[in-house]
>>> print(open('start37.tsv').read())   # TSV, C-alpha atoms and all ligand atoms
chain	number	residue	atom	x	y	z
A	150	MET	CA	0.00	0.00	0.00
A	151	ALA	CA	1.48	3.34	-0.94
A	152	HIS	CA	-0.65	6.25	-2.11
A	153	PRO	CA	-2.97	8.03	0.36
A	154	LEU	CA	-5.85	7.56	-2.09
A	155	LYS	CA	-5.49	3.78	-1.84
A	156	HIS	CA	-5.67	4.06	1.95
A	157	ALA	CA	-8.71	6.35	1.64
A	158	GLN	CA	-10.45	3.85	-0.63
A	159	GLY	CA	-9.74	1.19	1.97
A	160	SER	CA	-11.30	3.42	4.64
A	161	ALA	CA	-14.44	3.95	2.55
A	162	LYS	CA	-14.76	0.19	2.10
A	163	LYS	CA	-14.24	-0.42	5.81
A	164	PHE	CA	-16.15	2.51	7.38
A	165	GLY	CA	-18.58	3.62	4.62
A	166	GLY	CA	-18.84	6.97	2.84
A	167	GLN	CA	-16.48	8.08	0.07
A	168	ALA	CA	-12.69	7.90	-0.19
A	169	GLU	CA	-12.56	11.72	-0.12
A	170	ASP	CA	-13.97	11.65	3.43
A	171	TYR	CA	-10.71	10.10	4.65
A	172	LEU	CA	-8.12	11.50	2.28
A	173	ALA	CA	-6.92	14.35	4.54
A	174	VAL	CA	-6.06	11.95	7.37
A	175	HIS	CA	-4.18	9.58	5.08
A	176	LYS	CA	-2.35	12.44	3.35
A	177	TRP	CA	-1.21	13.69	6.77
A	178	PHE	CA	0.33	10.32	7.60
A	179	ASP	CA	2.30	10.31	4.35
A	180	GLU	CA	3.33	13.98	4.26
A	181	SER	CA	6.75	13.07	5.63
A	182	LYS	CA	7.45	11.49	2.24
A	183	ALA	CA	7.99	15.05	1.00
A	184	PHE	CA	11.26	15.34	2.88
A	185	PHE	CA	12.45	11.74	3.02
A	186	ALA	CA	11.84	9.82	-0.18
A	187	ASP	CA	12.02	6.20	0.98
A	188	PHE	CA	10.05	4.11	3.44
A	189	ARG	CA	11.95	5.56	6.40
A	190	HIS	CA	9.72	8.65	6.21
A	191	ARG	CA	7.23	6.49	8.12
A	192	ALA	CA	9.35	6.81	11.27
A	193	LEU	CA	7.81	10.25	11.87
A	194	ARG	CA	4.09	9.37	12.00
A	195	HIS	CA	3.55	5.66	11.37
A	196	HIS	CA	3.41	4.51	14.99
A	197	ALA	CA	1.06	4.51	18.00
A	198	GLU	CA	2.03	8.05	19.02
A	199	GLY	CA	1.45	9.28	15.45
A	200	ILE	CA	-2.02	7.76	15.50
A	201	PHE	CA	-2.88	9.63	18.70
A	202	LEU	CA	-1.41	12.82	17.25
A	203	SER	CA	-3.69	12.46	14.21
A	204	GLU	CA	-6.63	12.35	16.62
A	205	ARG	CA	-5.50	15.64	18.19
A	206	ILE	CA	-5.18	17.24	14.75
A	207	PHE	CA	-8.36	15.96	13.09
A	208	GLY	CA	-10.54	15.47	16.17
A	209	VAL	CA	-11.78	12.33	17.85
A	210	THR	CA	-14.07	11.52	14.92
A	211	ILE	CA	-14.79	12.64	11.39
A	212	THR	CA	-18.28	12.48	9.91
A	213	ASN	CA	-18.23	10.68	6.60
A	214	SER	CA	-20.56	11.43	3.67
A	215	ASP	CA	-23.00	8.75	4.92
A	216	GLY	CA	-23.40	10.91	8.04
A	217	ASN	CA	-21.65	8.39	10.28
A	218	GLN	CA	-18.98	9.30	12.78
A	219	VAL	CA	-15.73	7.40	12.34
A	220	PRO	CA	-12.99	7.52	15.01
A	221	VAL	CA	-9.85	9.12	13.56
A	222	ARG	CA	-7.78	6.69	15.58
A	223	TYR	CA	-9.34	3.79	13.67
A	224	ILE	CA	-8.45	5.46	10.38
A	225	GLY	CA	-4.85	5.92	11.54
A	226	GLU	CA	-4.64	2.33	12.75
A	227	GLN	CA	-5.89	1.13	9.36
A	228	HIS	CA	-3.28	3.25	7.56
A	229	VAL	CA	-0.33	2.07	9.66
A	230	LYS	CA	-1.40	-1.58	9.58
A	231	GLU	CA	-1.82	-1.46	5.79
A	232	ASP	CA	1.71	-0.06	5.43
A	233	LEU	CA	3.54	-2.03	8.10
A	234	GLY	CA	1.36	-4.99	9.01
A	235	ARG	CA	1.32	-3.87	12.65
A	236	ILE	CA	1.40	-0.73	14.80
A	237	PRO	CA	4.91	-0.05	16.09
A	238	THR	CA	5.75	2.47	18.82
A	239	ALA	CA	7.93	5.52	18.25
A	240	GLN	CA	10.54	3.69	20.33
A	241	ASP	CA	10.58	0.86	17.79
A	242	TRP	CA	11.66	3.39	15.15
A	243	LEU	CA	13.96	5.53	17.30
A	244	SER	CA	15.90	2.60	18.70
A	245	GLN	CA	17.04	1.85	15.13
A	246	ILE	CA	18.87	5.18	14.82
A	247	LYS	CA	22.63	4.72	14.86
A	248	PRO	CA	23.94	7.21	17.44
A	249	GLN	CA	26.15	10.00	16.11
A	250	ARG	CA	28.36	12.23	18.18
A	251	TRP	CA	26.40	15.40	17.30
A	252	MET	CA	23.30	13.82	18.86
A	253	TYR	CA	24.94	14.14	22.28
A	254	GLY	CA	24.11	17.81	22.29
A	255	GLN	CA	26.31	20.60	23.57
A	256	ARG	CA	26.15	19.50	27.22
A	257	LEU	CA	28.68	16.75	26.55
A	258	ALA	CA	31.07	19.24	25.01
A	259	ILE	CA	31.63	20.59	28.52
A	260	GLU	CA	34.72	19.05	30.00
A	261	ARG	CA	34.57	17.91	33.60
A	262	SER	CA	37.39	20.27	34.51
A	263	ARG	CA	35.32	23.21	33.31
A	264	LEU	CA	32.34	22.37	35.53
A	265	PRO	CA	31.89	24.62	38.57
A	266	SER	CA	34.24	23.78	41.42
A	267	ASP	CA	31.38	24.59	43.79
A	268	VAL	CA	29.63	21.24	43.39
A	269	SER	CA	26.51	22.31	45.24
A	270	LYS	CA	26.02	25.14	42.73
A	271	GLY	CA	26.39	22.96	39.64
A	272	GLN	CA	25.43	19.63	41.17
A	273	SER	CA	22.32	18.90	39.13
A	274	GLU	CA	23.98	19.90	35.87
A	275	TYR	CA	26.99	17.76	36.70
A	276	LYS	CA	24.81	14.77	37.57
A	277	GLU	CA	22.86	15.19	34.32
A	278	PHE	CA	26.12	15.36	32.41
A	279	ILE	CA	27.49	12.20	33.98
A	280	ASP	CA	24.20	10.30	33.58
A	281	CYS	CA	23.90	11.29	29.94
A	282	LYS	CA	27.54	10.60	29.20
A	283	GLY	CA	27.25	7.09	30.62
A	284	ARG	CA	24.21	6.29	28.50
A	285	CYS	CA	25.63	7.88	25.38
A	286	ASP	CA	29.00	6.17	25.76
A	287	ALA	CA	27.19	2.84	26.10
A	288	ALA	CA	25.21	3.60	22.95
A	289	PHE	CA	28.43	4.40	21.13
A	290	GLN	CA	30.26	1.17	21.89
A	291	GLY	CA	31.08	-0.42	18.60
A	292	ASN	CA	29.69	2.44	16.54
A	293	GLU	CA	32.78	4.53	16.03
B	1	ZN	ZN	1.72	5.57	4.89
>>> encode(input="start37.tsv", output="structure tokens")
Amino acid sequence: MAHPLKHAQGSAKKFGGQAEDYLAVHKWFDESKAFFADFRHRALRHHAEGIFLSERIFGVTITNSDGNQVPVRYIGEQHVKEDLGRIPTAQDWLSQIKPQRWMYGQRLAIERSRLPSDVSKGQSEYKEFIDCKGRCDAAFQGNE
């Protein structure tokens, strides 16, 4: 399944009304294709969190041309299942990102020696730095 119209036709078959009733929701899911041309564009919206976000954008339900209310969440679930065969979480996608040094953020650019000598003043920042560094270093093992 690829084009939003195909998904919309599937919605009309499943929930009634016309394909046009559902097209906006399906187009929203696939908009990320505009800036990432292969299937990986789906990482941005094709997951459980994306489905709930679609509900916040389009409302809890849409009313199709038969006059029936259809939960937007059901439309999103149909879309993601048609594309992926299941509904992954955002974590399923994000955990596949290979960590890069720039992802650390600027906090890790601070050297320990440059942290405040008054530990009580900079304690929480220092703790955050150490916690993050430990996690990030673990993520980096074998990736450099
Ligand atoms: Zn899609």
>>> closest_residue(input="start37.tsv", among="A:Lys182, A:Lys162, A:His190, A:His196", to="Thr238 of chain A", atoms="all atoms listed in the file")
A:His196
>>> closest_atom_pairs(input="start37.tsv", of="chain A", to="ligand ZN 1 (chain B)", cutoff="6 Å", atoms="only C-alpha atoms and all ligand atoms", output="tab-separated table")
residue	atom	partner	partner_atom	distance
A:Phe178	CA	B:ZN1	ZN	5.6
A:Asp179	CA	B:ZN1	ZN	4.8
A:Asp232	CA	B:ZN1	ZN	5.7
>>> atom_distance(input="start37.tsv", atom1="atom CA of Phe164 of chain A", atom2="atom CA of Ile211 of chain A")
11.0 Å
>>> residues_around(input="start37.tsv", residues="Gly216 of chain A", least_positions_apart="4", cutoff="10 Å", atoms="all atoms listed in the file", output="VMD selection string")
chain A and resid 165 to 166 211 to 212
>>> residues_around(input="start37.tsv", residues="Leu154 of chain A", least_positions_apart="5", cutoff="9 Å", atoms="all atoms listed in the file", output="list in words")
Gly159, Ala168, Glu169, Tyr171, Leu172, His175 and Lys176 of chain A
>>> closest_residue(input="start37.tsv", among="A:Ala173, A:Ile200, A:Ala161, A:Ala183", to="Val229 of chain A", atoms="all atoms listed in the file")
A:Ile200
>>> residues_near_point(input="start37.tsv", point="(-1.6, 13.1, 14.0)", cutoff="12 Å", atoms="all atoms listed in the file", output="PyMOL selection string")
chain A and resi 173-181+193-209+221-222+224-226+228-229
>>> atom_distance(input="start37.tsv", atom1="atom CA of Ala186 of chain A", atom2="atom CA of Met252 of chain A")
22.6 Å
